[in-house]
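Take a look at the structure set out below.
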Amino acid sequence: MRVIRRLLPWFFLLVTAVIVLFFVLRRDTQAAYGTAVALCPGPDLYGYTCDGGTAFAYIDATTDTFLYADDGVITLELPFPFTFYGTTYTELRASSNGNVQFGNGNTFFGNECMNEGPVVGMGDMIAPFWDDLDLTSFGYLEYEVVGEAPDRIYVLEWDDIPRFGDSEDRVTFALQLFEGSQDILFLYEDVTLLEGNNGGGATIGIQSEAQGLALQFGCNQPVVANASRIRFTEPAEANGEVDGVATAVIESIPPLYTKGDVAELLDQMNRQGPAALADMNTRWLNQSPPRTAVWQWQDLTGDGQDELILLRTSTAQYASLNDLMIFTPDSAGAFSLLHYQPLTSRTQPGSRSGVAAVGDLTQDGLADVVVQDSASGLSFVLMAGGETVQPVPLPGSCTGSLGIMDVDEDGLAEVVRDGCAAGNGRTITQWNGTAFTTLP
């Protein structure tokens, strides 16, 4: 009995130590993981944290992706597998609007905040500076791979890119992905803007829509500065309660979004009907720089209602403003944007485009529209299919007249062009089921 009494204090001490150790370990485990939606420094529920990352150098990327578009996205192969929120990827989709997505390819320009949950429709996303940026005429999206395996760094740089609507208001920033640690680094070279200054118009953070997780550094707040850094660190051990759910690859064409004067035209057409066209054209002519519009109505989709085909051009100095848009009405007469494209590019700066001819070139019972640029001699055909319109180029360059006719009387229509660089000056082109080819 005396022995038992002697052992009792040691017994209680052992029990107390076990209880204390249990709560300490439990507290440490809980501290490693935060809420599903968290603000920096985190952690979020998966275990990602973020800090200043001041020890890392800015690396200038030099390989051009040739993404010269507003609200564009491009698929890029990764030089090494990269794990993000528990799923390993071998490619990413980079948006002109300052973010990358895995599997997804949403080009939406209107940044949204992550502090109440991951942004719907953006999938698994890394957003160093999600803002409305425009790569059509200025700036570059570039990449670089530095170092040696297994410690390579993949660099993606948005270099001197203007915000939409102001070619002089530009930003430069970069994203670095680390092979060894699987960490993510945001680096800001120049984010001093007239509007949306220092991130005041951008979303900055990471998210996994599939898993309902997000870690946000800032949203529409001036929280970054020139030469600043943000590092997102992958946890040494991810939260086992969070399942790695890969974002499904979306191969469908992303939805069209309207903004600027395209959105204004659409709004006025749905208010006033076709009468809005003349009013908007007058407004465009009186603005600086001026733009003029020509349009025509044509049933492209075969639903018995005409689509509006509208082309706008500006002066030679502002050829980058030339564009084409197609609006389609629904059964109630309300219009939506069916197709939009710039009519100039960095490789084709000049444009005097117009609708040259209309006919069923593909033998599908739908009207095809041939658009010709009399300045460059280049032409393309607008081919409607379902809820989309696809521009398909015609081979060669021809600056003369253009017509649609059945030249060889085989029951198939051909595009006949004069003033061509090849052959005897005349080119006859026919649809072969997949592309337009020149007949001998």
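Ordering of the structure tokens sets the chain letters (A, B, ...), residue numbers begin anew at 1 in every chain, and ligands are numbered from 1 in the order given.
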
Sel. of strand (DSSP E) residues, region 150-344 of chain A, as a PyMOL selection string = chain A and resi 153-163+166-178+184-190+203-208+213-219+229-233+291-298+307-314+323-329+335-342

What's the 7 Å shell around region 302-318 of chain A, counting only C-alpha atoms, without same-chain residues fewer than 5 positions away, as a PyMOL selection string?
-> chain A and resi 290-297+323-329+354+366

Kindly indicate which residue among A:Ser345, A:Gln101, A:Asn106, A:Thr192 lies nearest to Leu135 (chain A), using only C-alpha atoms for the distances.
-> A:Ser345

Name the closest residue to Leu187 (chain A) among the candidates A:Glu237, A:Asp71, A:Glu77, A:Asp60; distances are taken between atoms, counting only C-alpha atoms.
-> A:Asp60

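Each of A:Phe129, A:Phe109, A:Tyr140, A:Phe164 was compared to Cys219 (chain A) using only C-alpha atoms, and A:Phe129 turns out to be the nearest.
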
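For Asp131 (chain A), the list of residues within 8 Å, based on only C-alpha atoms and with local chain neighbours fewer than 2 positions off taken out, reads A:Asn97, A:Gly98, A:Phe109, A:Gly110, A:Asn111, A:Phe129, A:Leu133, A:Arg163, A:Gly201, A:Ala202, A:Thr203.
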
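Of the listed residues (A:Gly117, A:Gly52, A:Gly377, A:Gly240), A:Gly377 comes nearest to Pro393 (chain A); the distances count only C-alpha atoms.
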
Within 12 Å of region 414-417 of chain A using only C-alpha atoms, minus same-chain residues under 5 positions, as a PyMOL selection string | chain A and resi 356-363+368-372+374+377-381+393-409+422-432+436-439

If you keep C-alpha atoms, can you produce a file of those selected residues as a PDB file, in the first residue's frame?
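So the final result, stored in selection-v6.pdb, reads:
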ATOM      1  CA  ALA A 356     -16.469  42.278 -99.918  1.00  0.00           C
ATOM      2  CA  ALA A 357     -18.972  39.475-100.631  1.00  0.00           C
ATOM      3  CA  VAL A 358     -21.514  37.134 -99.028  1.00  0.00           C
ATOM      4  CA  GLY A 359     -22.284  33.577-100.119  1.00  0.00           C
ATOM      5  CA  ASP A 360     -22.507  29.947 -99.035  1.00  0.00           C
ATOM      6  CA  LEU A 361     -18.905  28.866 -99.565  1.00  0.00           C
ATOM      7  CA  THR A 362     -19.035  25.843 -97.273  1.00  0.00           C
ATOM      8  CA  GLN A 363     -22.265  24.313 -98.600  1.00  0.00           C
ATOM      9  CA  ASP A 368     -20.362  33.116 -95.223  1.00  0.00           C
ATOM     10  CA  VAL A 369     -19.014  36.667 -95.184  1.00  0.00           C
ATOM     11  CA  VAL A 370     -15.753  37.572 -96.937  1.00  0.00           C
ATOM     12  CA  VAL A 371     -13.920  40.500 -95.345  1.00  0.00           C
ATOM     13  CA  GLN A 372     -11.133  42.063 -97.424  1.00  0.00           C
ATOM     14  CA  SER A 374      -7.690  46.601 -99.479  1.00  0.00           C
ATOM     15  CA  GLY A 377      -4.647  42.483 -99.695  1.00  0.00           C
ATOM     16  CA  LEU A 378      -5.397  39.948 -96.969  1.00  0.00           C
ATOM     17  CA  SER A 379      -8.893  38.470 -96.666  1.00  0.00           C
ATOM     18  CA  PHE A 380     -10.745  36.134 -94.344  1.00  0.00           C
ATOM     19  CA  VAL A 381     -14.131  34.423 -94.262  1.00  0.00           C
ATOM     20  CA  PRO A 393      -8.082  33.203 -93.688  1.00  0.00           C
ATOM     21  CA  LEU A 394      -7.927  33.048 -97.466  1.00  0.00           C
ATOM     22  CA  PRO A 395      -4.481  32.168 -98.852  1.00  0.00           C
ATOM     23  CA  GLY A 396      -2.396  34.820-100.588  1.00  0.00           C
ATOM     24  CA  SER A 397      -2.627  38.577-100.947  1.00  0.00           C
ATOM     25  CA  CYS A 398      -4.934  40.277-103.478  1.00  0.00           C
ATOM     26  CA  THR A 399      -5.752  43.986-103.648  1.00  0.00           C
ATOM     27  CA  GLY A 400      -8.168  43.945-106.607  1.00  0.00           C
ATOM     28  CA  SER A 401     -11.820  43.069-107.005  1.00  0.00           C
ATOM     29  CA  LEU A 402     -13.395  40.080-105.249  1.00  0.00           C
ATOM     30  CA  GLY A 403     -16.449  37.998-106.033  1.00  0.00           C
ATOM     31  CA  ILE A 404     -18.155  34.685-105.260  1.00  0.00           C
ATOM     32  CA  MET A 405     -19.138  32.464-108.198  1.00  0.00           C
ATOM     33  CA  ASP A 406     -19.087  28.872-109.454  1.00  0.00           C
ATOM     34  CA  VAL A 407     -16.233  29.227-111.931  1.00  0.00           C
ATOM     35  CA  ASP A 408     -15.792  25.555-112.868  1.00  0.00           C
ATOM     36  CA  GLU A 409     -19.544  24.774-112.743  1.00  0.00           C
ATOM     37  CA  ALA A 422       0.810  35.051-107.193  1.00  0.00           C
ATOM     38  CA  GLY A 423       0.077  33.483-110.552  1.00  0.00           C
ATOM     39  CA  ASN A 424      -1.329  35.639-113.352  1.00  0.00           C
ATOM     40  CA  GLY A 425      -2.890  38.099-110.951  1.00  0.00           C
ATOM     41  CA  ARG A 426      -6.111  36.125-110.419  1.00  0.00           C
ATOM     42  CA  THR A 427      -6.648  33.583-107.621  1.00  0.00           C
ATOM     43  CA  ILE A 428      -9.559  31.123-107.367  1.00  0.00           C
ATOM     44  CA  THR A 429     -10.070  29.650-103.901  1.00  0.00           C
ATOM     45  CA  GLN A 430     -12.417  26.870-102.763  1.00  0.00           C
ATOM     46  CA  TRP A 431     -13.354  25.322 -99.413  1.00  0.00           C
ATOM     47  CA  ASN A 432     -12.111  21.718 -99.087  1.00  0.00           C
ATOM     48  CA  PHE A 436      -9.598  27.307 -98.218  1.00  0.00           C
ATOM     49  CA  THR A 437      -7.197  26.134-100.929  1.00  0.00           C
ATOM     50  CA  THR A 438      -6.151  27.712-104.205  1.00  0.00           C
ATOM     51  CA  LEU A 439      -7.301  25.899-107.359  1.00  0.00           C
TER      52      LEU A 439
END

Per DSSP on the backbone, what are the alpha helix (DSSP H) residues of region 65-268 of chain A, as a PyMOL selection string?
-> chain A and resi 260-268

Shell of 8 Å around Ser208 (chain A), only C-alpha atoms, local chain residues under 2 positions omitted, as a ChimeraX atom specification | /A:85,118,123-125,206,210-214

Atom pair CA of Thr347 (chain A) + CA of Val145 (chain A), distance 26.5 Å

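Interatomic distance, CA of Leu215 (chain A) against CA of Pro235 (chain A): 13.2 Å.
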
Region 291-364 of chain A residues near region 383-392 of chain A within 7 Å, closest pair each, using only C-alpha atoms, as a tab-separated table:
residue	atom	partner	partner_atom	distance
A:Leu300	CA	A:Ala384	CA	5.9
A:Thr301	CA	A:Ala384	CA	5.9
A:Leu338	CA	A:Thr388	CA	6.3
A:His339	CA	A:Val389	CA	6.1

Could you take the residues named above and write them with N, CA and C atoms, as a short mmCIF file (atom, residue, chain, number, x, y, z; two decimals), in the first residue's frame?
data_model
loop_
_atom_site.label_atom_id
_atom_site.label_comp_id
_atom_site.auth_asym_id
_atom_site.auth_seq_id
_atom_site.Cartn_x
_atom_site.Cartn_y
_atom_site.Cartn_z
N LEU A 300 -26.51 35.03 -90.44
CA LEU A 300 -25.33 34.15 -90.45
C LEU A 300 -25.60 32.80 -89.80
N THR A 301 -26.53 32.76 -88.87
CA THR A 301 -26.75 31.55 -88.09
C THR A 301 -27.90 30.69 -88.61
N LEU A 338 -21.82 38.25 -80.58
CA LEU A 338 -21.53 36.94 -81.13
C LEU A 338 -20.06 36.78 -81.47
N HIS A 339 -19.43 37.87 -81.92
CA HIS A 339 -18.02 37.80 -82.32
C HIS A 339 -17.39 39.18 -82.24
#

With a cut-off of 10 Å, could you pull out the residues of region 33-89 of chain A touching region 170-177 of chain A and give me the nearest pair of atoms for each, distance in Å to one decimal, using only C-alpha atoms, ordered by chain and ascending number, as CSV?
residue,atom,partner,partner_atom,distance
A:Phe56,CA,A:Gln176,CA,9.9
A:Tyr58,CA,A:Ala174,CA,7.9
A:Ile59,CA,A:Ala174,CA,8.2
A:Asp60,CA,A:Ala174,CA,8.4
A:Ala61,CA,A:Ala174,CA,8.6
A:Leu78,CA,A:Leu177,CA,9.6
A:Phe80,CA,A:Leu177,CA,9.8
A:Phe82,CA,A:Leu177,CA,7.8
A:Thr83,CA,A:Leu177,CA,9.9

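Rounded to one decimal, CA of Phe66 (chain A) and CA of Trp130 (chain A) lie 19.5 Å from each other.
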